file my_file15.txt (compact mmCIF, C-alpha atoms)
# COMPACT_ATOMS: atom_id res chain seq x y z
CA MET A 96 92.20 138.50 92.65
CA ASN A 97 90.73 141.99 92.96
CA ARG A 98 87.40 143.38 91.82
CA ARG A 99 88.66 144.46 88.41
CA THR A 100 90.06 141.06 87.40
CA THR A 101 86.85 139.39 88.58
CA LEU A 102 84.81 141.69 86.36
CA LEU A 103 87.14 141.07 83.41
CA LEU A 104 86.86 137.29 83.90
CA ALA A 105 83.06 137.51 84.08
CA ALA A 106 82.99 139.60 80.89
CA GLU A 107 85.24 137.11 79.14
CA ALA A 108 83.07 134.15 80.21
CA LEU A 109 79.97 136.02 79.00
CA ALA A 110 81.60 136.72 75.61
CA TRP A 111 82.53 133.02 75.29
CA TRP A 112 78.97 132.03 76.24
CA CYS A 113 77.44 134.31 73.59
CA ALA A 114 79.76 133.02 70.84
CA LEU A 115 79.33 129.35 71.81
CA ALA A 116 75.53 129.57 72.17
CA ALA A 117 75.33 131.24 68.73
CA LEU A 118 77.51 128.45 67.30
CA TRP A 119 75.18 125.84 68.82
CA LEU A 120 72.11 127.50 67.28
CA VAL A 121 73.81 127.52 63.87
CA LEU A 122 74.95 123.89 64.00
CA ILE A 123 71.63 122.26 65.00
CA SER A 124 69.00 121.46 62.37
CA THR A 125 65.72 122.14 64.24
CA VAL A 126 65.51 124.95 66.80
CA ASP A 127 63.06 124.19 69.66
CA THR A 128 62.86 124.81 73.42
CA LEU A 129 64.77 121.69 74.47
CA GLU A 130 67.60 122.51 72.05
CA ARG A 131 67.77 126.06 73.40
CA VAL A 132 67.97 124.84 77.02
CA VAL A 133 70.63 122.21 76.22
CA GLY A 134 72.57 124.72 74.10
CA ALA A 135 72.55 127.39 76.82
CA SER A 136 73.72 124.82 79.42
CA VAL A 137 76.57 123.30 77.42
CA ALA A 138 77.65 126.76 76.23
CA GLY A 139 77.85 127.77 79.90
CA VAL A 140 80.05 124.78 80.81
CA ALA A 141 82.24 125.35 77.73
CA ALA A 142 82.53 129.09 78.47
CA LEU A 143 83.78 128.38 82.01
CA ALA A 144 86.28 125.82 80.66
CA ALA A 145 87.50 128.21 77.95
CA THR A 146 87.98 131.06 80.43
CA ALA A 147 89.87 128.77 82.85
CA ALA A 148 92.04 127.37 80.04
CA ARG A 149 92.94 130.86 78.79
CA ARG A 150 93.87 131.92 82.32
CA VAL A 151 96.21 128.94 82.66
CA VAL A 152 97.88 129.62 79.28
CA SER A 153 98.30 133.37 79.78
CA ALA A 154 99.73 132.83 83.30
CA ARG A 155 102.70 130.86 81.89
CA MET B 204 76.26 110.61 38.78
CA ASN B 205 75.98 114.39 38.88
CA GLY B 206 78.54 117.20 38.81
CA TRP B 207 78.96 117.23 42.61
CA ILE B 208 79.72 113.51 42.81
CA LEU B 209 82.05 113.79 39.82
CA ALA B 210 83.96 116.65 41.50
CA ALA B 211 84.13 114.64 44.77
CA THR B 212 85.43 111.59 42.87
CA VAL B 213 88.13 113.67 41.17
CA ALA B 214 89.11 115.28 44.50
CA LEU B 215 89.24 111.93 46.31
CA GLY B 216 90.91 110.08 43.44
CA THR B 217 93.66 112.52 42.46
CA GLY B 218 94.03 114.64 45.60
CA LEU B 219 93.69 112.02 48.31
CA GLY B 220 95.55 109.48 46.15
CA THR B 221 98.49 111.87 45.81
CA ALA B 222 98.36 112.65 49.53
CA LEU B 223 98.39 108.95 50.48
CA TRP B 224 101.34 108.37 48.12
CA GLY B 225 103.14 111.27 49.81
CA VAL B 226 102.42 109.86 53.27
CA ALA B 227 103.66 106.38 52.33
CA THR B 228 106.91 107.38 50.58
CA GLY B 229 109.76 109.86 50.78
CA PRO B 230 111.43 111.77 53.61
CA LEU B 231 109.74 112.76 56.88
CA ARG B 232 109.26 116.41 55.83
CA ARG B 233 107.17 115.30 52.86
CA ARG B 234 105.18 112.75 54.86
CA VAL B 235 103.96 115.22 57.52
CA VAL B 236 102.89 117.74 54.86
CA ALA B 237 101.03 115.05 52.92
CA GLN B 238 99.33 113.86 56.13
CA ASN B 239 98.17 117.43 56.76
CA MET B 240 96.88 117.79 53.18
CA SER B 241 94.95 114.49 53.26
CA THR B 242 92.38 115.77 55.79
CA ALA B 243 92.27 119.18 54.04
CA LEU B 244 91.25 117.38 50.83
CA ALA B 245 88.87 114.84 52.37
CA CYS B 246 86.81 117.57 54.09
CA PRO B 247 85.80 119.45 50.86
CA ALA B 248 85.19 116.06 49.21
CA LEU B 249 82.70 115.20 51.99
CA LEU B 250 80.94 118.56 51.41
CA LEU B 251 80.68 117.76 47.69
CA LEU B 252 79.34 114.26 48.45
CA SER B 253 76.74 115.65 50.89
CA GLN B 254 75.50 117.95 48.11
CA GLY B 255 75.68 115.21 45.46
CA TYR B 256 73.76 112.60 47.46
CA ALA B 257 71.52 115.23 49.17
CA ARG B 258 72.51 113.93 52.62
CA PRO B 259 73.02 116.83 55.07
CA SER B 260 74.48 114.46 57.70
CA TYR B 261 77.72 114.21 55.66
CA VAL B 262 78.29 117.90 56.50
CA ASP B 263 78.71 116.96 60.18
CA LEU B 264 81.48 114.54 59.17
CA ALA B 265 83.20 117.36 57.27
CA LEU B 266 82.89 119.59 60.37
CA VAL B 267 84.53 116.96 62.59
CA LEU B 268 87.30 116.45 60.03
CA ALA B 269 87.92 120.20 59.66
CA LEU B 270 88.27 120.43 63.45
CA LEU B 271 90.28 117.28 64.19
CA GLY B 272 92.54 117.19 61.09
CA PRO B 273 94.65 120.24 62.03
CA VAL B 274 94.63 119.13 65.70
CA GLY B 275 96.15 115.81 64.63
CA THR B 276 98.80 117.62 62.61
CA LEU B 277 99.63 119.80 65.63
CA VAL B 278 100.22 116.60 67.66
CA PHE B 279 102.64 115.38 64.95
CA ALA B 280 104.30 118.81 64.82
CA ARG B 281 104.94 118.66 68.56
CA LEU B 282 106.02 115.01 68.78
CA LEU B 283 108.34 115.32 65.74
CA ALA B 284 109.60 118.82 66.61
CA ASP B 285 113.19 117.62 67.16
CA ASP B 286 113.31 115.63 63.89
CA LEU B 287 111.76 118.47 61.90
CA ALA B 288 113.93 121.23 63.40
CA ASP B 289 116.98 120.45 61.19
CA ASP B 290 115.03 120.14 57.95
CA PRO B 291 111.66 121.90 58.38
CA PRO B 292 109.06 121.38 55.63
CA ARG B 293 108.19 124.46 53.56
CA ALA B 294 105.02 123.69 51.67
CA TRP B 295 103.24 127.03 51.38
CA GLY B 296 102.44 126.50 47.67
CA VAL B 297 100.58 123.23 48.34
CA THR B 298 98.96 124.68 51.47
CA TRP B 299 97.47 127.67 49.65
CA VAL B 300 96.39 125.59 46.62
CA VAL B 301 94.51 123.17 48.92
CA ALA B 302 93.10 126.09 50.95
CA GLY B 303 91.90 127.70 47.68
CA PHE B 304 90.26 124.42 46.65
CA GLY B 305 88.49 124.30 50.02
CA ALA B 306 87.31 127.91 49.58
CA VAL B 307 85.98 127.20 46.07
CA VAL B 308 84.11 124.09 47.26
CA VAL B 309 82.61 125.89 50.29
CA GLY B 310 81.60 128.81 48.03
CA ALA B 311 79.94 126.50 45.48
CA VAL B 312 78.05 124.49 48.12
CA CYS B 313 76.99 127.78 49.83
CA ALA B 314 75.68 129.10 46.50
CA ALA B 315 73.69 125.88 46.02
CA THR B 316 72.32 126.01 49.60
CA GLY B 317 71.22 129.64 49.64
CA PRO B 318 70.94 131.93 52.68
CA SER B 319 70.02 129.76 55.71
CA PRO B 320 71.53 128.44 58.97
CA GLU B 321 73.03 125.61 56.90
CA MET B 322 74.99 128.21 54.93
CA VAL B 323 76.39 129.70 58.16
CA LYS B 324 77.37 126.17 59.19
CA LEU B 325 79.20 125.71 55.86
CA LEU B 326 81.01 129.03 56.35
CA VAL B 327 82.06 127.93 59.88
CA ILE B 328 83.41 124.68 58.37
CA GLY B 329 85.27 126.65 55.67
CA ALA B 330 86.84 129.00 58.24
CA LEU B 331 87.90 126.03 60.43
CA LEU B 332 89.27 124.16 57.40
CA ILE B 333 91.36 126.99 55.93
CA GLY B 334 92.41 128.57 59.23
CA GLY B 335 93.27 125.19 60.75
CA ASN B 336 95.40 124.09 57.83
CA VAL B 337 97.31 127.36 57.53
CA LEU B 338 97.97 127.16 61.28
CA ALA B 339 99.05 123.50 61.04
CA SER B 340 101.37 124.25 58.10
CA ARG B 341 102.93 127.10 60.07
CA ALA B 342 103.45 124.80 63.06
CA LEU B 343 105.09 122.16 60.82
CA SER B 344 107.50 124.68 59.29
CA GLY B 345 108.62 125.73 62.79
CA GLY B 346 106.55 128.90 62.93
CA PHE B 347 105.95 128.61 66.69
CA PRO B 348 109.39 128.44 68.30
CA GLY B 349 109.30 127.17 71.88
CA ALA B 350 105.89 125.53 71.52
CA GLY B 351 107.46 122.06 71.25
CA ARG B 352 108.95 122.25 74.75
CA GLY B 353 105.76 123.33 76.55
call {"tool": "encode", "arguments": {"input": "my_file15.txt", "output": "structure tokens"}}
result
Amino acid sequence: MNRRTTLLLAAEALAWWCALAALWLVLISTVDTLERVVGASVAGVAALAATAARRVVSAR
Amino acid sequence: MNGWILAATVALGTGLGTALWGVATGPLRRRVVAQNMSTALACPALLLLSQGYARPSYVDLALVLALLGPVGTLVFARLLADDLADDPPRAWGVTWVVAGFGAVVVGAVCAATGPSPEMVKLLVIGALLIGGNVLASRALSGGFPGAGRG
């Protein structure tokens, strides 16, 4: 894995994180600090999983 | 009884009734299509009920159904790929009619809600519902060759 693919992967994970965090903010009813922290954390985990899953599928 | 509950009753009674009849009888190609349509009809009905009873929590149920319904159909499409390959179901008429019904219901509930995060949530549900069912119908009619063998 060279520098370029690492950057591309990081950009993809960041794009996933933005989309998933926005989805979380839309789907909750009351927006407060705790919800923001939880949303940012779970969006991070989901973004890593989505990036890894896409890598596995596109490598086939 | 208001208009929302009446519309939900009609959708559940005629639509889901017909879908259950289709699942219980006839050849395999008809059963898988009817199974796919049953979740696509129950989801808009839940949106109508949430509006009729003024219970926003029903919307979450519709979201889960819009997400898991097409996923369930994809499982059937994969497991039954060999049986469906000889005689694939072609149900684009029904698919688009049900998708149009979903779009009308989401539009009406959005209009009643007004601009707010809840409206964005409804639009997400509508996109998942219509996109998921068109995708599931395509998978059932053999639109993804090779996907069954993984």
call {"tool": "residues_around", "arguments": {"input": "my_file15.txt", "residues": "stretch 119-127 of chain A", "least_positions_apart": "5", "cutoff": "8 Å", "atoms": "all atoms listed in the file", "output": "list in words"}}
result
Gly134 and Ala138 of chain A; Pro320, Glu321, Val323 and Lys324 of chain B
call {"tool": "closest_residue", "arguments": {"input": "my_file15.txt", "among": "B:Gly218, B:Thr276, B:Asp290, B:Tyr261", "to": "B:Gln238", "atoms": "all atoms listed in the file"}}
result
B:Thr276
call {"tool": "closest_residue", "arguments": {"input": "my_file15.txt", "among": "B:Val278, B:Ile208, B:Leu283, B:Leu270", "to": "B:Leu252", "atoms": "all atoms listed in the file"}}
result
B:Ile208
call {"tool": "residues_around", "arguments": {"input": "my_file15.txt", "residues": "B:Pro247", "least_positions_apart": "5", "cutoff": "8 Å", "atoms": "only C-alpha atoms", "output": "MDAnalysis selection string"}}
result
chainID B and resid 211 265 304:305 308:309
call {"tool": "residues_around", "arguments": {"input": "my_file15.txt", "residues": "B:Gly220", "least_positions_apart": "4", "cutoff": "12 Å", "atoms": "all atoms listed in the file", "output": "PyMOL selection string"}}
result
chain B and resi 212-216+224-227+237-238+240-242+244-245
